>>> print(open('final_0.txt').read())   # compact mmCIF, C-alpha atoms
# COMPACT_ATOMS: atom_id res chain seq x y z
CA MET A 1 107.76 -13.27 44.85
CA ILE A 2 110.34 -15.89 43.86
CA ASP A 3 109.96 -17.75 40.56
CA PHE A 4 112.15 -20.35 38.90
CA LYS A 5 112.18 -20.66 35.13
CA LEU A 6 113.71 -23.21 32.78
CA ALA A 7 115.88 -21.13 30.45
CA THR A 8 115.50 -21.22 26.67
CA THR A 9 117.34 -19.57 23.80
CA LYS A 10 115.18 -16.50 24.45
CA ASP A 11 117.15 -16.08 27.71
CA VAL A 12 120.66 -16.07 26.19
CA GLU A 13 121.45 -12.43 26.94
CA ILE A 14 120.15 -12.69 30.52
CA LEU A 15 122.26 -15.81 31.15
CA ALA A 16 125.38 -14.28 29.59
CA LEU A 17 125.04 -11.09 31.62
CA LEU A 18 124.21 -12.88 34.89
CA GLY A 19 127.14 -15.23 34.29
CA ARG A 20 129.65 -12.46 33.72
CA ILE A 21 128.51 -10.35 36.66
CA THR A 22 128.14 -13.15 39.22
CA PHE A 23 131.41 -14.85 38.28
CA LYS A 24 133.30 -11.58 38.58
CA GLU A 25 131.55 -10.77 41.89
CA SER A 26 132.41 -14.15 43.41
CA HIS A 27 135.84 -14.86 41.88
CA GLY A 28 137.23 -11.61 40.49
CA THR A 29 139.31 -10.71 43.52
CA TYR A 30 141.00 -14.14 43.55
CA ILE A 31 142.24 -14.04 39.95
CA GLU A 32 145.55 -12.23 39.92
CA ASP A 33 145.85 -11.66 36.17
CA LYS A 34 142.86 -9.53 35.18
CA THR A 35 143.59 -10.21 31.49
CA ASN A 36 143.00 -13.92 32.18
CA LEU A 37 139.78 -13.03 34.00
CA GLN A 38 138.52 -10.91 31.10
CA SER A 39 139.41 -13.62 28.60
CA TYR A 40 137.57 -16.23 30.67
CA LEU A 41 134.48 -14.02 30.98
CA ASP A 42 134.49 -13.34 27.23
CA THR A 43 134.70 -17.06 26.42
CA ALA A 44 132.67 -18.79 29.14
CA PHE A 45 129.83 -16.28 29.10
CA SER A 46 129.61 -15.37 25.44
CA THR A 47 126.17 -15.55 23.90
CA GLN A 48 127.52 -18.14 21.44
CA LYS A 49 128.70 -20.39 24.30
CA ILE A 50 125.34 -20.06 26.07
CA ILE A 51 123.49 -20.94 22.83
CA GLU A 52 125.72 -24.02 22.39
CA ASP A 53 124.95 -25.05 25.97
CA LEU A 54 121.21 -24.56 25.53
CA GLU A 55 121.24 -26.65 22.35
CA ASN A 56 122.93 -29.52 24.21
CA PRO A 57 120.25 -31.86 25.63
CA ASN A 58 122.53 -32.66 28.60
CA THR A 59 122.82 -29.03 29.69
CA VAL A 60 119.98 -27.31 31.52
CA TYR A 61 119.81 -23.75 32.80
CA TYR A 62 117.37 -22.30 35.31
CA ILE A 63 116.90 -18.64 36.17
CA ILE A 64 115.65 -17.41 39.54
CA TYR A 65 113.51 -14.27 39.52
CA ASN A 66 112.58 -11.95 42.36
CA ASN A 67 109.46 -9.98 41.44
CA LYS A 68 110.13 -10.72 37.74
CA PHE A 69 113.74 -9.47 38.03
CA PRO A 70 116.46 -12.06 37.21
CA VAL A 71 118.72 -12.40 40.26
CA GLY A 72 120.62 -15.62 39.55
CA TYR A 73 120.94 -18.76 37.53
CA ALA A 74 122.00 -22.38 37.71
CA LYS A 75 123.57 -24.67 35.13
CA LEU A 76 123.18 -28.44 35.35
CA VAL A 77 125.17 -30.90 33.27
CA LEU A 78 123.20 -34.13 33.13
CA HIS A 79 124.97 -37.51 33.11
CA ALA A 80 128.26 -35.88 34.15
CA THR A 81 130.81 -38.19 35.70
CA ILE A 82 134.05 -37.63 37.55
CA GLU A 83 136.44 -40.10 39.13
CA PHE A 84 135.49 -39.05 42.68
CA VAL A 85 131.79 -39.86 42.31
CA SER A 86 130.87 -43.54 42.17
CA SER A 87 127.24 -43.25 41.08
CA GLU A 88 126.66 -43.90 37.40
CA LYS A 89 123.49 -41.81 37.65
CA SER A 90 125.10 -38.49 38.57
CA CYS A 91 124.90 -34.93 37.33
CA ARG A 92 126.99 -31.84 37.88
CA LEU A 93 125.75 -28.59 39.31
CA GLU A 94 128.26 -26.64 37.25
CA ARG A 95 127.06 -23.23 38.31
CA ILE A 96 124.67 -21.76 40.81
CA TYR A 97 125.07 -18.03 41.26
CA ILE A 98 123.05 -15.26 42.85
CA LEU A 99 123.83 -11.57 42.36
CA ASN A 100 125.65 -10.27 45.47
CA GLU A 101 122.87 -7.78 46.17
CA PHE A 102 120.41 -10.67 46.72
CA ILE A 103 122.56 -13.22 48.59
CA ALA A 104 121.49 -11.97 52.04
CA MET A 105 117.87 -12.69 51.08
CA LYS A 106 118.65 -16.43 51.19
CA PHE A 107 117.68 -16.99 47.55
CA GLY A 108 120.59 -19.40 47.18
CA GLN A 109 119.03 -21.79 49.69
CA GLN A 110 115.67 -21.70 47.92
CA PHE A 111 117.36 -22.13 44.55
CA LEU A 112 119.44 -25.11 45.71
CA HIS A 113 116.32 -26.76 47.13
CA PHE A 114 114.57 -26.25 43.77
CA ILE A 115 117.55 -27.65 41.82
CA LEU A 116 117.84 -30.72 44.06
CA LYS A 117 114.12 -31.37 43.59
CA LYS A 118 114.53 -31.17 39.79
CA VAL A 119 117.56 -33.47 39.85
CA THR A 120 115.60 -36.01 41.93
CA GLU A 121 112.65 -35.81 39.52
CA LEU A 122 115.10 -36.66 36.72
CA HIS A 123 116.06 -39.81 38.68
CA PHE A 124 119.65 -38.89 39.38
CA LYS A 125 121.19 -40.53 42.45
CA GLU A 126 123.96 -38.03 43.10
CA VAL A 127 124.82 -34.42 42.32
CA TRP A 128 128.35 -33.04 42.46
CA LEU A 129 130.05 -29.70 42.00
CA SER A 130 133.37 -27.94 42.35
CA VAL A 131 133.97 -24.73 44.25
CA TYR A 132 137.06 -22.55 44.62
CA ILE A 133 138.92 -23.45 47.82
CA LYS A 134 139.09 -19.81 48.97
CA ASN A 135 135.33 -19.38 48.58
CA THR A 136 134.69 -20.53 52.14
CA LYS A 137 131.21 -19.01 52.22
CA ALA A 138 130.11 -21.25 49.33
CA ILE A 139 131.90 -24.31 50.73
CA ASN A 140 130.18 -23.85 54.10
CA PHE A 141 126.83 -23.39 52.33
CA TYR A 142 127.21 -26.74 50.56
CA LEU A 143 128.49 -28.54 53.66
CA LYS A 144 125.48 -27.22 55.59
CA ASN A 145 123.32 -28.72 52.84
CA GLU A 146 124.89 -32.17 53.35
CA PHE A 147 127.39 -32.15 50.51
CA LYS A 148 130.59 -34.06 51.30
CA LYS A 149 134.11 -33.40 50.04
CA VAL A 150 135.10 -36.28 47.77
CA GLY A 151 138.12 -34.97 45.87
CA SER A 152 139.82 -31.98 44.32
CA ILE A 153 140.64 -30.64 40.85
CA SER A 154 142.58 -27.73 39.40
CA PHE A 155 140.37 -25.21 37.57
CA GLN A 156 142.31 -23.36 34.88
CA ILE A 157 141.83 -19.71 34.07
CA GLY A 158 144.41 -18.72 31.52
CA ASN A 159 147.71 -20.25 32.58
CA GLN A 160 146.82 -20.25 36.30
CA GLY A 161 145.34 -23.24 38.13
CA TYR A 162 143.02 -22.81 41.11
CA GLU A 163 142.32 -25.63 43.55
CA ASN A 164 138.67 -26.60 43.68
CA PRO A 165 137.31 -29.21 46.07
CA ILE A 166 134.74 -31.58 44.59
CA LEU A 167 131.63 -31.81 46.76
CA SER A 168 128.95 -34.43 46.28
CA LYS A 169 125.50 -35.16 47.65
CA LYS A 170 123.69 -38.46 47.40
CA LEU A 171 119.97 -38.07 46.74
>>> encode(input="final_0.txt", output="structure tokens")
Amino acid sequence: MIDFKLATTKDVEILALLGRITFKESHGTYIEDKTNLQSYLDTAFSTQKIIEDLENPNTVYYIIYNNKFPVGYAKLVLHATIEFVSSEKSCRLERIYILNEFIAMKFGQQFLHFILKKVTELHFKEVWLSVYIKNTKAINFYLKNEFKKVGSISFQIGNQGYENPILSKKL
């Protein structure tokens, strides 16, 4: 049974662990300098960083559970703007990750549907995200779900930049 839960500070360790594992599973092979990867994981997915995020009223985390087992999470940044998105009422889907073991079960599709419903309930008109250009599986997933490419940014990990298309969906 699939459940979605709004994360709280009681979920910090789950979010930190899911973040580290899923980021490394999806991006680890693309990052040439493994020291940069480790440094990024230690910073972006530290319990302190997650606590700071959860204390920010414009940051919302959700966890997806399969039979009470956490299998993924999403991070929304409310009221996030970027030059490529014209709507003043936009938010960023900064992260949506599912553990590799559960991707084939189509939990990502169910999770995205849930997130888009939540974003609509919050009266946002557009949601945008960035995704690594070599992650064609994720890009195709978003395009299939009616996201459109609207721009591109460079995502820094250490001293290396990685091209990330910006995809957006009007709600």
>>> residues_around(input="final_0.txt", residues="A:Ala16", least_positions_apart="2", cutoff="8 Å", atoms="all atoms listed in the file", output="PDB file with C-alpha atoms, keeping the file's coordinate frame")
ATOM      1  CA  VAL A  12     120.660 -16.070  26.190  1.00  0.00           C
ATOM      2  CA  GLU A  13     121.450 -12.430  26.940  1.00  0.00           C
ATOM      3  CA  ILE A  14     120.150 -12.690  30.520  1.00  0.00           C
ATOM      4  CA  LEU A  18     124.210 -12.880  34.890  1.00  0.00           C
ATOM      5  CA  GLY A  19     127.140 -15.230  34.290  1.00  0.00           C
ATOM      6  CA  ARG A  20     129.650 -12.460  33.720  1.00  0.00           C
ATOM      7  CA  PHE A  45     129.830 -16.280  29.100  1.00  0.00           C
ATOM      8  CA  SER A  46     129.610 -15.370  25.440  1.00  0.00           C
ATOM      9  CA  THR A  47     126.170 -15.550  23.900  1.00  0.00           C
ATOM     10  CA  ILE A  50     125.340 -20.060  26.070  1.00  0.00           C
TER      11      ILE A  50
END
>>> closest_atom_pairs(input="final_0.txt", of="stretch 33-113 of chain A", to="stretch 156-163 of chain A", cutoff="12 Å", atoms="all atoms listed in the file", output="Markdown table")
| residue | atom | partner | partner_atom | distance |
| --- | --- | --- | --- | --- |
| A:Asp33 | CA | A:Gly158 | CA | 8.6 |
| A:Lys34 | CA | A:Gly158 | CA | 10.0 |
| A:Thr35 | CA | A:Gly158 | CA | 8.5 |
| A:Asn36 | CA | A:Gly158 | CA | 5.0 |
| A:Leu37 | CA | A:Ile157 | CA | 7.0 |
| A:Gln38 | CA | A:Gly158 | CA | 9.8 |
| A:Ser39 | CA | A:Gly158 | CA | 7.7 |
| A:Tyr40 | CA | A:Ile157 | CA | 6.5 |
| A:Leu41 | CA | A:Ile157 | CA | 9.8 |
| A:Asp42 | CA | A:Ile157 | CA | 11.9 |
| A:Thr43 | CA | A:Ile157 | CA | 10.8 |
| A:Ala44 | CA | A:Ile157 | CA | 10.4 |
>>> write_last_selection(input="final_0.txt", atoms="C-alpha atoms", output="JSON list (two decimals), in the coordinates of the input")
[["chain", "number", "residue", "atom", "x", "y", "z"],
["A", 33, "ASP", "CA", 145.85, -11.66, 36.17],
["A", 34, "LYS", "CA", 142.86, -9.53, 35.18],
["A", 35, "THR", "CA", 143.59, -10.21, 31.49],
["A", 36, "ASN", "CA", 143.00, -13.92, 32.18],
["A", 37, "LEU", "CA", 139.78, -13.03, 34.00],
["A", 38, "GLN", "CA", 138.52, -10.91, 31.10],
["A", 39, "SER", "CA", 139.41, -13.62, 28.60],
["A", 40, "TYR", "CA", 137.57, -16.23, 30.67],
["A", 41, "LEU", "CA", 134.48, -14.02, 30.98],
["A", 42, "ASP", "CA", 134.49, -13.34, 27.23],
["A", 43, "THR", "CA", 134.70, -17.06, 26.42],
["A", 44, "ALA", "CA", 132.67, -18.79, 29.14]]
>>> closest_residue(input="final_0.txt", among="A:Thr22, A:Tyr61, A:Asn56, A:Tyr142", to="A:Lys10", atoms="all atoms listed in the file")
A:Tyr61
>>> closest_residue(input="final_0.txt", among="A:Ala104, A:Leu112, A:Leu17, A:Val85", to="A:Lys144", atoms="only C-alpha atoms")
A:Leu112
>>> residues_near_point(input="final_0.txt", point="(115.8, -22.8, 28.4)", cutoff="8 Å", atoms="all atoms listed in the file", output="PyMOL selection string")
chain A and resi 5-11+54+60-62
>>> atom_distance(input="final_0.txt", atom1="atom CA of A:Gln109", atom2="atom CA of A:Glu126")
18.2 Å
>>> closest_residue(input="final_0.txt", among="A:Lys149, A:Lys68, A:Ile63, A:Phe141", to="A:Lys106", atoms="all atoms listed in the file")
A:Phe141
>>> residues_around(input="final_0.txt", residues="A:Gly108", least_positions_apart="2", cutoff="12 Å", atoms="all atoms listed in the file", output="PyMOL selection string")
chain A and resi 2+4+63-66+71-74+95-106+110-115+137-138+141-142+145
>>> residues_around(input="final_0.txt", residues="A:Ser168", least_positions_apart="6", cutoff="12 Å", atoms="all atoms listed in the file", output="VMD selection string")
chain A and resid 81 to 87 90 to 94 116 125 to 131 139 142 to 143 145 to 152
>>> atom_distance(input="final_0.txt", atom1="atom CA of A:Thr59", atom2="atom CA of A:Phe23")
18.7 Å
>>> atom_distance(input="final_0.txt", atom1="atom CA of A:Tyr30", atom2="atom CA of A:Asn135")
9.2 Å
>>> build_atoms(input="final_0.txt", residues="stretch 15-30 of chain A", atoms="N, CA, C and O atoms", output="JSON list (two decimals), in the frame of the given file")
[["chain", "number", "residue", "atom", "x", "y", "z"],
["A", 15, "LEU", "N", 121.30, -14.85, 30.61],
["A", 15, "LEU", "CA", 122.26, -15.81, 31.15],
["A", 15, "LEU", "C", 123.70, -15.32, 30.98],
["A", 15, "LEU", "O", 124.51, -15.44, 31.91],
["A", 16, "ALA", "N", 124.02, -14.77, 29.83],
["A", 16, "ALA", "CA", 125.38, -14.28, 29.59],
["A", 16, "ALA", "C", 125.72, -13.14, 30.55],
["A", 16, "ALA", "O", 126.81, -13.11, 31.15],
["A", 17, "LEU", "N", 124.79, -12.22, 30.73],
["A", 17, "LEU", "CA", 125.04, -11.09, 31.62],
["A", 17, "LEU", "C", 125.12, -11.54, 33.08],
["A", 17, "LEU", "O", 126.04, -11.15, 33.81],
["A", 18, "LEU", "N", 124.17, -12.36, 33.52],
["A", 18, "LEU", "CA", 124.21, -12.88, 34.89],
["A", 18, "LEU", "C", 125.51, -13.66, 35.12],
["A", 18, "LEU", "O", 126.13, -13.53, 36.19],
["A", 19, "GLY", "N", 125.91, -14.46, 34.16],
["A", 19, "GLY", "CA", 127.14, -15.23, 34.29],
["A", 19, "GLY", "C", 128.36, -14.36, 34.49],
["A", 19, "GLY", "O", 129.17, -14.58, 35.38],
["A", 20, "ARG", "N", 128.50, -13.37, 33.63],
["A", 20, "ARG", "CA", 129.65, -12.46, 33.72],
["A", 20, "ARG", "C", 129.69, -11.73, 35.07],
["A", 20, "ARG", "O", 130.71, -11.66, 35.73],
["A", 21, "ILE", "N", 128.55, -11.16, 35.43],
["A", 21, "ILE", "CA", 128.51, -10.35, 36.66],
["A", 21, "ILE", "C", 128.75, -11.22, 37.89],
["A", 21, "ILE", "O", 129.58, -10.88, 38.74],
["A", 22, "THR", "N", 128.03, -12.34, 38.00],
["A", 22, "THR", "CA", 128.14, -13.15, 39.22],
["A", 22, "THR", "C", 129.49, -13.83, 39.33],
["A", 22, "THR", "O", 130.02, -13.96, 40.44],
["A", 23, "PHE", "N", 130.08, -14.24, 38.21],
["A", 23, "PHE", "CA", 131.41, -14.85, 38.28],
["A", 23, "PHE", "C", 132.44, -13.82, 38.75],
["A", 23, "PHE", "O", 133.26, -14.10, 39.62],
["A", 24, "LYS", "N", 132.36, -12.63, 38.18],
["A", 24, "LYS", "CA", 133.30, -11.58, 38.58],
["A", 24, "LYS", "C", 133.10, -11.17, 40.04],
["A", 24, "LYS", "O", 134.06, -10.95, 40.77],
["A", 25, "GLU", "N", 131.82, -11.11, 40.48],
["A", 25, "GLU", "CA", 131.55, -10.77, 41.89],
["A", 25, "GLU", "C", 132.14, -11.83, 42.83],
["A", 25, "GLU", "O", 132.69, -11.49, 43.87],
["A", 26, "SER", "N", 132.00, -13.10, 42.48],
["A", 26, "SER", "CA", 132.41, -14.15, 43.41],
["A", 26, "SER", "C", 133.87, -14.56, 43.26],
["A", 26, "SER", "O", 134.46, -15.06, 44.22],
["A", 27, "HIS", "N", 134.48, -14.38, 42.10],
["A", 27, "HIS", "CA", 135.84, -14.86, 41.88],
["A", 27, "HIS", "C", 136.84, -13.79, 41.46],
["A", 27, "HIS", "O", 138.04, -14.04, 41.47],
["A", 28, "GLY", "N", 136.36, -12.64, 41.05],
["A", 28, "GLY", "CA", 137.23, -11.61, 40.49],
["A", 28, "GLY", "C", 138.40, -11.19, 41.35],
["A", 28, "GLY", "O", 139.49, -10.95, 40.84],
["A", 29, "THR", "N", 138.20, -11.14, 42.65],
["A", 29, "THR", "CA", 139.31, -10.71, 43.52],
["A", 29, "THR", "C", 140.38, -11.79, 43.67],
["A", 29, "THR", "O", 141.51, -11.47, 44.03],
["A", 30, "TYR", "N", 140.04, -13.05, 43.39],
["A", 30, "TYR", "CA", 141.00, -14.14, 43.55],
["A", 30, "TYR", "C", 141.90, -14.33, 42.32],
["A", 30, "TYR", "O", 142.95, -14.95, 42.42]]
